[in-house]
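For reference, the structure is listed below as C-alpha cells.
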Amino acid sequence: MKQITVKLNEGQYLNEVEPFKTKGIPTDTIIHKVIPGCGATTLEIKHTKRNSIIIVPNVPVIEDKVSEHNKKYPKEEQILGVYQSIDVGHIEDYLNSEATYKKILTTPEGFLSKVLVAFENDIDSMINDYFLLFDECERIVTDVSYRGQIAAPIEWFFRFKQKAMVSATTLAFSHKDFADFDHYAIEPTFDYSKAIEVINTNNVVSSLEAKLSTVDGTNPILFFVNSTRAIFDIADILKLIPQSNAYCADTSVAKLTSKKFRTSYSKLDLQNLKKYNFLTSRYYSALDIKLDYKPDVILITDVFTAKHSVLDPHTEIIQIAGRFRNGVNSLTHITNFDSSIESKSREEGNQYLKGCFDTFENIVEQLKKSKDEGSRDTLKFFVQHSPVAEYYTDGKLNPFMVDNYHYQQRVQGYYQSIENLKLAYADQAKHFTPEYITEEYVVSDEDRVKRQSKSSVREQQWETLRQIDRFAPKPGVFILHNSYTLVNNLRSLFPWLTEAYDLIGLDGIKKTGLSASKLNPVKARAKELKELRKLEPFVNAMFDEHSEPEDKEIKRIMVELCDKANITLTPTISLILQFFEGSRSTKGGKHIHRLRSKIDLSKLTPFD
C-alpha cells in the first residue's frame, strides 16, 4: 500500500494534474478528493479512453450527469444512465451502439439487477475490459444499515481487473481486500474553508423561524433535512407549505403528499424552485447544483424528531456545502442535543459487537446441530429476529455493517452536547470556520416529544397546558428568546382548553380536574365576571349605594352602559344586582330596586 499526495491548485481539475492527466484513475486505489467537485467522475467519463462502469449512490446524480454530457457530445461519445425507465434491453443496445468507449452510470441496485444481467453472457469481458469506479464510496458505510444492496456489488468489485474507490469524504474500510490498495490524497494548495453558523438550540423550529427573519429571501432558500417527518413538521408549524417544494425519494414523496404537502418531487428541478426548498440525503452528495445566484443554505438536525437527521461534519456537511458550484450566500447548521443519545467508543463498540456476534454464531451453530423440531423452531426464531442478523450476508459477517455501526456511534456522540459537535467541526478546520450561537426557548423540542408521547388525550391536554403556562409573565423572569409561532401552535392544539386557561388559569383548571361538567359552568361564569368587571366602573358612576332607582330607569341606563362598555351581556333590569346587594320592591305603585352596599367584583372567583 502506497500513500501518494497530489497537489491541486485553485481552479484546477483532476484531468489537469498527474498522474490522472496521463493515466486516468489508477487501478486498485482509493482517491481521497478532499474537496467535492474537482472532477473525478468527469475524468473517467470524458478524459479516460477506456470502457467504464461508474457506480454512484443515487439516481438524481445519474440523470444530471447523463443529461448534461449527452447534450454536448456526438453518438460515439454518448454515455448511458441506468435508472427506473432503463431496462436490460436498453443496456444491451448501448453495448452494441456506436459509442467508442462505453460509459455506464448506475446505482448499486441497478448494477446488480440490470447491468450484470446485460453482461451475463460475457462476464469475462465485463471484469477484464471495464474499469469499475465506485463514486462517493463512503456511502457504502453510511447507508448500508438501511440500504443493504449498496454494499452488494463489492464482491463483484474485487473481481474487476481495474477498479477504484473515490470520494471527497472517504471513510476507512475494514474489509480485508482493501489492505493493498494505494491511497491518493488530493491536497488543495488554496484556502477552501467555508464560514458556517452553528446554532445550538433547544427548539429547532423556533430557531429556524428566527433565522428566516434575518435572511433576505430574494432568492430561494434550501434546507437539507434527512427526515420526512421533520420536513413536514417544520413546514406545517411555520406555515411554509404554500411557498415550499420538497425533494426526496418516491416513498417520501408519497408520505408528504398524503399529508397535503403536494409539491413534493423525486426529481430536483432547479428552474422551478420555490421560496423554500427541502432536500433529503438523496441530494447530499455527487450532485452538482448549479445556480446563477448564491443561495442561503440551512442544515437541520432534530434528534428528538428523528435521530437519523444527525449530520456528520466529516462527511455529509462537507458534501452538502460542496454541492453548490457557484458558492453559497450563507451556510447555517441548526441543531438540538440530547445527552441520553447512545455513543460507544470504537473499543467499547468492538467489545459490544463481539458479544453479539459470539452469541449469534453460537445459536446458529446450535441450529445446525439440533434435530428436535421444537428446538429448531425456537433457535430459528432467535436467529431470524436477532438484532445482529442483518450483519451477516450468506452466513458471512458483512464488514461494512461493522463499519456502519462504528460510524453511527461516532456521529451520534456529536449530538450529545454542543461541546462534542464543536470538536467534530474543529477536526475539519480546513473545511469550516464556525461561529457558534446558543438559543434557549421556554418550550423545547424535548417538551414537544414529551407532549406527543403521552398515551392518553387527557395527559396530552395536561402537558399542553403546563407548557402554555410557561409563557405566562412571572415576576423576576425574563425570557431572552421567544416564539409567537410556537405559542400559537401550542394554543391551537386544544382551543377550548386554551380559552379556559385564559379565563381561570392553570390552577383554576386543576380545580375542575379537566371534567367538562365542572369546567364548562366555571368557564361560563369566568366569562361573565370578565364582562361585569368591564361594566363595573360605568355602573358605579351612575348608581349609588342605598338608593332606590326605578326599574324603568335601570333598564334604560343599563342598555346605554352595556353599549358604552362594548360587552355582550344582556342589559336586563336584574343585572344591577350583580353590582349591589339589594332586592326588588315597589314604591308608590312603581317597581324599584332597593340598592344597599356595592359588591367588590375583584374578590369574586368563577368558583363562588
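Going through the C-alpha cells in order, the chains are called A, B, and so on, while each chain numbers its residues from 1 and the ligands are numbered from 1 in the order shown.
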Task: Neighbour list for Pro571 of chain A as a list in words, cut-off 12 Å, only C-alpha atoms, skip fewer than 4 positions in-chain - done: Glu531, Leu532, Leu535, Val539, Ile554, Lys555, Arg556, Ile557, Met558, Val559, Glu560, Leu561, Cys562, Asp563, Lys564, Ala565, Asn566, Ile567, Leu575, Ile576, Leu577 and Gln578 of chain A
What would the file look like if the residues just selected were written as a PDB file, in the first residue's frame with N, CA and C atoms?
```pdb
ATOM      1  N   GLU A 531     -66.815  40.306  31.830  1.00  0.00           N
ATOM      2  CA  GLU A 531     -67.639  41.365  31.261  1.00  0.00           C
ATOM      3  C   GLU A 531     -68.200  42.286  32.348  1.00  0.00           C
ATOM      4  N   LEU A 532     -68.560  41.695  33.472  1.00  0.00           N
ATOM      5  CA  LEU A 532     -69.075  42.517  34.574  1.00  0.00           C
ATOM      6  C   LEU A 532     -68.019  43.514  35.056  1.00  0.00           C
ATOM      7  N   LEU A 535     -67.886  46.403  32.855  1.00  0.00           N
ATOM      8  CA  LEU A 535     -69.066  47.263  33.013  1.00  0.00           C
ATOM      9  C   LEU A 535     -69.060  48.001  34.355  1.00  0.00           C
ATOM     10  N   VAL A 539     -71.252  51.426  35.814  1.00  0.00           N
ATOM     11  CA  VAL A 539     -72.390  51.281  36.725  1.00  0.00           C
ATOM     12  C   VAL A 539     -72.174  52.126  37.977  1.00  0.00           C
ATOM     13  N   ILE A 554     -83.537  51.905  35.427  1.00  0.00           N
ATOM     14  CA  ILE A 554     -82.420  50.947  35.422  1.00  0.00           C
ATOM     15  C   ILE A 554     -82.260  50.338  34.034  1.00  0.00           C
ATOM     16  N   LYS A 555     -83.365  49.933  33.445  1.00  0.00           N
ATOM     17  CA  LYS A 555     -83.335  49.304  32.119  1.00  0.00           C
ATOM     18  C   LYS A 555     -82.737  50.249  31.091  1.00  0.00           C
ATOM     19  N   ARG A 556     -83.203  51.517  31.092  1.00  0.00           N
ATOM     20  CA  ARG A 556     -82.709  52.482  30.107  1.00  0.00           C
ATOM     21  C   ARG A 556     -81.206  52.702  30.256  1.00  0.00           C
ATOM     22  N   ILE A 557     -80.769  52.858  31.510  1.00  0.00           N
ATOM     23  CA  ILE A 557     -79.353  53.139  31.755  1.00  0.00           C
ATOM     24  C   ILE A 557     -78.483  51.918  31.415  1.00  0.00           C
ATOM     25  N   MET A 558     -78.959  50.725  31.755  1.00  0.00           N
ATOM     26  CA  MET A 558     -78.179  49.510  31.504  1.00  0.00           C
ATOM     27  C   MET A 558     -77.947  49.285  30.000  1.00  0.00           C
ATOM     28  N   VAL A 559     -78.962  49.601  29.208  1.00  0.00           N
ATOM     29  CA  VAL A 559     -78.801  49.476  27.752  1.00  0.00           C
ATOM     30  C   VAL A 559     -77.678  50.404  27.281  1.00  0.00           C
ATOM     31  N   GLU A 560     -77.679  51.637  27.765  1.00  0.00           N
ATOM     32  CA  GLU A 560     -76.651  52.599  27.368  1.00  0.00           C
ATOM     33  C   GLU A 560     -75.260  52.161  27.841  1.00  0.00           C
ATOM     34  N   LEU A 561     -75.189  51.680  29.096  1.00  0.00           N
ATOM     35  CA  LEU A 561     -73.880  51.332  29.666  1.00  0.00           C
ATOM     36  C   LEU A 561     -73.271  50.097  28.999  1.00  0.00           C
ATOM     37  N   CYS A 562     -74.090  49.120  28.698  1.00  0.00           N
ATOM     38  CA  CYS A 562     -73.576  47.916  28.025  1.00  0.00           C
ATOM     39  C   CYS A 562     -73.026  48.273  26.651  1.00  0.00           C
ATOM     40  N   ASP A 563     -73.683  49.224  26.030  1.00  0.00           N
ATOM     41  CA  ASP A 563     -73.201  49.653  24.718  1.00  0.00           C
ATOM     42  C   ASP A 563     -71.873  50.391  24.853  1.00  0.00           C
ATOM     43  N   LYS A 564     -71.764  51.277  25.855  1.00  0.00           N
ATOM     44  CA  LYS A 564     -70.514  52.011  26.098  1.00  0.00           C
ATOM     45  C   LYS A 564     -69.364  51.076  26.463  1.00  0.00           C
ATOM     46  N   ALA A 565     -69.653  50.077  27.273  1.00  0.00           N
ATOM     47  CA  ALA A 565     -68.612  49.148  27.728  1.00  0.00           C
ATOM     48  C   ALA A 565     -68.264  48.118  26.658  1.00  0.00           C
ATOM     49  N   ASN A 566     -69.044  48.066  25.574  1.00  0.00           N
ATOM     50  CA  ASN A 566     -68.812  47.134  24.467  1.00  0.00           C
ATOM     51  C   ASN A 566     -68.771  45.687  24.961  1.00  0.00           C
ATOM     52  N   ILE A 567     -69.832  45.309  25.666  1.00  0.00           N
ATOM     53  CA  ILE A 567     -69.925  43.938  26.178  1.00  0.00           C
ATOM     54  C   ILE A 567     -71.163  43.270  25.611  1.00  0.00           C
ATOM     55  N   LEU A 575     -79.677  42.849  36.190  1.00  0.00           N
ATOM     56  CA  LEU A 575     -78.215  42.913  36.091  1.00  0.00           C
ATOM     57  C   LEU A 575     -77.634  43.824  37.166  1.00  0.00           C
ATOM     58  N   ILE A 576     -78.453  44.779  37.643  1.00  0.00           N
ATOM     59  CA  ILE A 576     -77.971  45.706  38.667  1.00  0.00           C
ATOM     60  C   ILE A 576     -77.567  44.984  39.946  1.00  0.00           C
ATOM     61  N   LEU A 577     -78.190  43.817  40.203  1.00  0.00           N
ATOM     62  CA  LEU A 577     -77.896  43.072  41.437  1.00  0.00           C
ATOM     63  C   LEU A 577     -76.571  42.310  41.364  1.00  0.00           C
ATOM     64  N   GLN A 578     -75.891  42.375  40.213  1.00  0.00           N
ATOM     65  CA  GLN A 578     -74.524  41.841  40.127  1.00  0.00           C
ATOM     66  C   GLN A 578     -73.521  42.847  40.699  1.00  0.00           C
TER      67      GLN A 578
END
```
Task: Contacts of Asn226 of chain A at 10 Å (only C-alpha atoms; same-chain gap of 5+ positions) as a PyMOL selection string - done: chain A and resi 231+248+278-284+299-302+306-311
Open item on the list: Which residues are near segment 114-116 of chain A? Cut-off 10 Å, only C-alpha atoms, ignore same chain within fewer than 3 positions. Put them as a ChimeraX atom specification.
Closed with: /A:53,82-83,86-92,104-111,119-123,126,153,156
Task: Counting only C-alpha atoms, the residue of A:Ser285, A:Asn277, A:Asn404, A:Asn362 that sits nearest Ala172 of chain A - done: A:Asn404
Open item on the list: So that I can check the surroundings of segment 432-439 of chain A, please list as number ranges by chain every protein, DNA and RNA residue that reaches within 9 Å of it, counting only C-alpha atoms and ignoring chain neighbours fewer than 5 positions away.
Closed with: A: 192-203, 207, 313, 318, 422, 425-426, 480-481
Taking only C-alpha atoms into account, produce a table as CSV in which each residue of segment 26-69 of chain A with an atom at most 12 Å from an atom of segment 324-327 of chain A appears once, together with its shortest atom pair and the distance in Å to one decimal, ordered by chain and rising number.
```
residue,atom,partner,partner_atom,distance
A:Ile35,CA,A:Arg325,CA,11.7
A:Pro36,CA,A:Arg325,CA,9.4
A:Gly37,CA,A:Arg325,CA,7.6
A:Cys38,CA,A:Arg325,CA,10.4
A:Gly39,CA,A:Arg325,CA,11.9
```
Could you save the residues just selected, with C-alpha atoms, as a compact mmCIF listing (two decimals), in the first residue's frame?
```txt
# COMPACT_ATOMS: atom_id res chain seq x y z
CA ILE A 35 -12.96 18.80 -1.88
CA PRO A 36 -16.15 17.97 -3.83
CA GLY A 37 -16.39 18.92 -7.47
CA CYS A 38 -12.78 18.51 -8.54
CA GLY A 39 -13.79 16.25 -11.43
```
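Comparing A:Phe158, A:Tyr184, A:Tyr293, A:Phe20 by their smallest distance to Gln3 of chain A, the closest is A:Tyr184 (using only C-alpha atoms).
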Close residues, Arg147 of chain A itself excluded, 12 Å, only C-alpha atoms, min 2 positions apart in chain, as a PDB file with N, CA and C atoms, in the first residue's frame:
```
ATOM      1  N   PRO A  57     -24.258   6.839  -5.860  1.00  0.00           N
ATOM      2  CA  PRO A  57     -25.222   6.468  -4.810  1.00  0.00           C
ATOM      3  C   PRO A  57     -26.680   6.628  -5.168  1.00  0.00           C
ATOM      4  N   ASN A  58     -27.028   7.646  -5.982  1.00  0.00           N
ATOM      5  CA  ASN A  58     -28.445   7.930  -6.188  1.00  0.00           C
ATOM      6  C   ASN A  58     -28.768   8.295  -7.625  1.00  0.00           C
ATOM      7  N   THR A 107     -26.746   2.947 -10.237  1.00  0.00           N
ATOM      8  CA  THR A 107     -26.766   2.804  -8.775  1.00  0.00           C
ATOM      9  C   THR A 107     -26.286   1.397  -8.425  1.00  0.00           C
ATOM     10  N   PRO A 108     -25.946   1.137  -7.163  1.00  0.00           N
ATOM     11  CA  PRO A 108     -25.574  -0.229  -6.779  1.00  0.00           C
ATOM     12  C   PRO A 108     -26.676  -1.238  -7.100  1.00  0.00           C
ATOM     13  N   GLU A 109     -27.916  -0.840  -6.842  1.00  0.00           N
ATOM     14  CA  GLU A 109     -29.045  -1.729  -7.112  1.00  0.00           C
ATOM     15  C   GLU A 109     -29.186  -2.001  -8.606  1.00  0.00           C
ATOM     16  N   ARG A 139     -20.578   6.249   1.124  1.00  0.00           N
ATOM     17  CA  ARG A 139     -21.990   5.926   1.273  1.00  0.00           C
ATOM     18  C   ARG A 139     -22.200   4.419   1.480  1.00  0.00           C
ATOM     19  N   ILE A 140     -21.231   3.599   1.061  1.00  0.00           N
ATOM     20  CA  ILE A 140     -21.336   2.163   1.339  1.00  0.00           C
ATOM     21  C   ILE A 140     -21.424   1.954   2.847  1.00  0.00           C
ATOM     22  N   VAL A 141     -20.619   2.720   3.579  1.00  0.00           N
ATOM     23  CA  VAL A 141     -20.601   2.608   5.041  1.00  0.00           C
ATOM     24  C   VAL A 141     -21.795   3.317   5.659  1.00  0.00           C
ATOM     25  N   THR A 142     -22.070   4.543   5.216  1.00  0.00           N
ATOM     26  CA  THR A 142     -23.091   5.353   5.891  1.00  0.00           C
ATOM     27  C   THR A 142     -24.506   4.848   5.639  1.00  0.00           C
ATOM     28  N   ASP A 143     -24.731   4.204   4.464  1.00  0.00           N
ATOM     29  CA  ASP A 143     -26.098   3.832   4.080  1.00  0.00           C
ATOM     30  C   ASP A 143     -26.423   2.357   4.234  1.00  0.00           C
ATOM     31  N   VAL A 144     -25.427   1.525   4.469  1.00  0.00           N
ATOM     32  CA  VAL A 144     -25.642   0.075   4.376  1.00  0.00           C
ATOM     33  C   VAL A 144     -26.648  -0.452   5.400  1.00  0.00           C
ATOM     34  N   SER A 145     -26.799   0.223   6.537  1.00  0.00           N
ATOM     35  CA  SER A 145     -27.696  -0.293   7.574  1.00  0.00           C
ATOM     36  C   SER A 145     -29.159  -0.234   7.161  1.00  0.00           C
ATOM     37  N   GLN A 149     -28.367  -3.245  -0.185  1.00  0.00           N
ATOM     38  CA  GLN A 149     -27.898  -3.512  -1.539  1.00  0.00           C
ATOM     39  C   GLN A 149     -26.758  -2.590  -1.965  1.00  0.00           C
ATOM     40  N   ILE A 150     -26.542  -1.493  -1.228  1.00  0.00           N
ATOM     41  CA  ILE A 150     -25.481  -0.564  -1.627  1.00  0.00           C
ATOM     42  C   ILE A 150     -24.110  -1.225  -1.530  1.00  0.00           C
ATOM     43  N   ALA A 151     -23.968  -2.193  -0.617  1.00  0.00           N
ATOM     44  CA  ALA A 151     -22.689  -2.887  -0.456  1.00  0.00           C
ATOM     45  C   ALA A 151     -22.612  -4.165  -1.274  1.00  0.00           C
ATOM     46  N   ALA A 152     -23.736  -4.595  -1.831  1.00  0.00           N
ATOM     47  CA  ALA A 152     -23.779  -5.877  -2.533  1.00  0.00           C
ATOM     48  C   ALA A 152     -22.822  -5.981  -3.716  1.00  0.00           C
ATOM     49  N   GLU A 390     -28.801  -8.888  10.544  1.00  0.00           N
ATOM     50  CA  GLU A 390     -28.554  -8.121   9.326  1.00  0.00           C
ATOM     51  C   GLU A 390     -27.067  -7.863   9.095  1.00  0.00           C
ATOM     52  N   PHE A 400     -18.895  -4.074   6.228  1.00  0.00           N
ATOM     53  CA  PHE A 400     -19.427  -2.722   6.071  1.00  0.00           C
ATOM     54  C   PHE A 400     -20.491  -2.426   7.133  1.00  0.00           C
ATOM     55  N   MET A 401     -21.187  -3.451   7.584  1.00  0.00           N
ATOM     56  CA  MET A 401     -22.146  -3.264   8.674  1.00  0.00           C
ATOM     57  C   MET A 401     -21.417  -2.925   9.966  1.00  0.00           C
ATOM     58  N   ASN A 404     -20.358   0.584   9.632  1.00  0.00           N
ATOM     59  CA  ASN A 404     -21.529   1.443   9.799  1.00  0.00           C
ATOM     60  C   ASN A 404     -21.882   1.626  11.272  1.00  0.00           C
TER      61      ASN A 404
END
```
TODO: Find the spatial neighbours of Gly24 of chain A, counting only C-alpha atoms, within a cut-off of 12 Å - ignore same-chain residues fewer than 2 positions away - and output them as an MDAnalysis selection string.
DONE: chainID A and resid 14:22 26:27 29 31 39:50 52 131 133 162:164
File dump, residues just selected, C-alpha atoms, as a short mmCIF file (atom, residue, chain, number, x, y, z; two decimals), in the first residue's frame:
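So result.cif came out as:
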```cif
data_model
loop_
_atom_site.label_atom_id
_atom_site.label_comp_id
_atom_site.auth_asym_id
_atom_site.auth_seq_id
_atom_site.Cartn_x
_atom_site.Cartn_y
_atom_site.Cartn_z
CA LEU A 14 -8.04 16.15 -11.73
CA ASN A 15 -7.72 15.75 -15.50
CA GLU A 16 -5.18 18.61 -15.41
CA VAL A 17 -2.78 17.08 -12.85
CA GLU A 18 -0.60 13.99 -12.93
CA PRO A 19 -0.88 11.05 -12.75
CA PHE A 20 -4.56 11.48 -13.64
CA LYS A 21 -3.91 13.65 -16.70
CA THR A 22 -1.92 10.91 -18.42
CA PRO A 26 -5.06 4.14 -11.38
CA THR A 27 -6.44 0.72 -10.55
CA THR A 29 -6.72 2.79 -5.49
CA ILE A 31 -8.87 8.53 -4.21
CA GLY A 39 -13.79 16.25 -11.43
CA ALA A 40 -13.10 12.58 -10.65
CA THR A 41 -16.26 11.31 -12.36
CA THR A 42 -15.78 13.74 -15.25
CA LEU A 43 -12.20 12.49 -15.60
CA GLU A 44 -13.47 8.93 -16.07
CA ILE A 45 -16.35 9.88 -18.37
CA LYS A 46 -14.72 12.45 -20.64
CA HIS A 47 -10.96 12.12 -20.50
CA THR A 48 -10.09 8.47 -19.93
CA LYS A 49 -10.12 6.31 -23.04
CA ARG A 50 -11.49 3.02 -21.71
CA SER A 52 -16.16 2.14 -17.59
CA PHE A 131 -12.92 -0.09 -15.26
CA LEU A 133 -15.35 3.14 -10.28
CA GLN A 162 -9.34 -2.46 -12.98
CA LYS A 163 -11.16 -0.73 -10.14
CA ALA A 164 -11.07 2.20 -7.73
#
```
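Taking atom CA of Lys75 of chain A as the reference point, atom CA of Phe160 of chain A is found at 26.9 Å.
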Task: Residues near segment 450-457 of chain A, cut-off 12 Å, only C-alpha atoms, skip fewer than 2 positions along chain, as number ranges by chain - done: A: 304-305, 443-448, 459-468, 490, 493-494, 514
For those residues, write C-alpha atoms to a file as a PDB file, in the first residue's frame.
```
ATOM      1  CA  PHE A 304     -35.868  14.414  19.125  1.00  0.00           C
ATOM      2  CA  THR A 305     -37.962  14.149  15.960  1.00  0.00           C
ATOM      3  CA  VAL A 443     -40.631  25.204  25.473  1.00  0.00           C
ATOM      4  CA  SER A 444     -38.120  22.804  23.956  1.00  0.00           C
ATOM      5  CA  ASP A 445     -38.130  20.018  21.384  1.00  0.00           C
ATOM      6  CA  GLU A 446     -37.857  17.588  24.269  1.00  0.00           C
ATOM      7  CA  ASP A 447     -41.052  19.096  25.709  1.00  0.00           C
ATOM      8  CA  ARG A 448     -42.765  18.618  22.349  1.00  0.00           C
ATOM      9  CA  GLU A 459     -52.388  13.504  29.557  1.00  0.00           C
ATOM     10  CA  GLN A 460     -51.612  15.387  26.345  1.00  0.00           C
ATOM     11  CA  GLN A 461     -54.016  18.119  27.420  1.00  0.00           C
ATOM     12  CA  TRP A 462     -52.386  18.489  30.835  1.00  0.00           C
ATOM     13  CA  GLU A 463     -48.900  18.616  29.295  1.00  0.00           C
ATOM     14  CA  THR A 464     -50.035  21.200  26.742  1.00  0.00           C
ATOM     15  CA  LEU A 465     -51.499  23.391  29.494  1.00  0.00           C
ATOM     16  CA  ARG A 466     -48.312  23.142  31.557  1.00  0.00           C
ATOM     17  CA  GLN A 467     -46.256  24.222  28.559  1.00  0.00           C
ATOM     18  CA  ILE A 468     -48.593  27.113  27.710  1.00  0.00           C
ATOM     19  CA  LEU A 490     -49.467  25.099  21.346  1.00  0.00           C
ATOM     20  CA  LEU A 493     -53.928  22.073  19.881  1.00  0.00           C
ATOM     21  CA  PHE A 494     -56.883  22.276  22.293  1.00  0.00           C
ATOM     22  CA  LEU A 514     -60.464  18.667  33.479  1.00  0.00           C
TER      23      LEU A 514
END
```
Open item on the list: Considering only C-alpha atoms, can you say which of A:Leu256, A:Asp269, A:Leu519, A:Phe223 comes closest to Ile298 of chain A?
Closed with: A:Phe223
Task: Those of segment 61-125 of chain A in DSSP strand (DSSP E), formatted as number ranges by chain - done: A: 80-82, 103-106
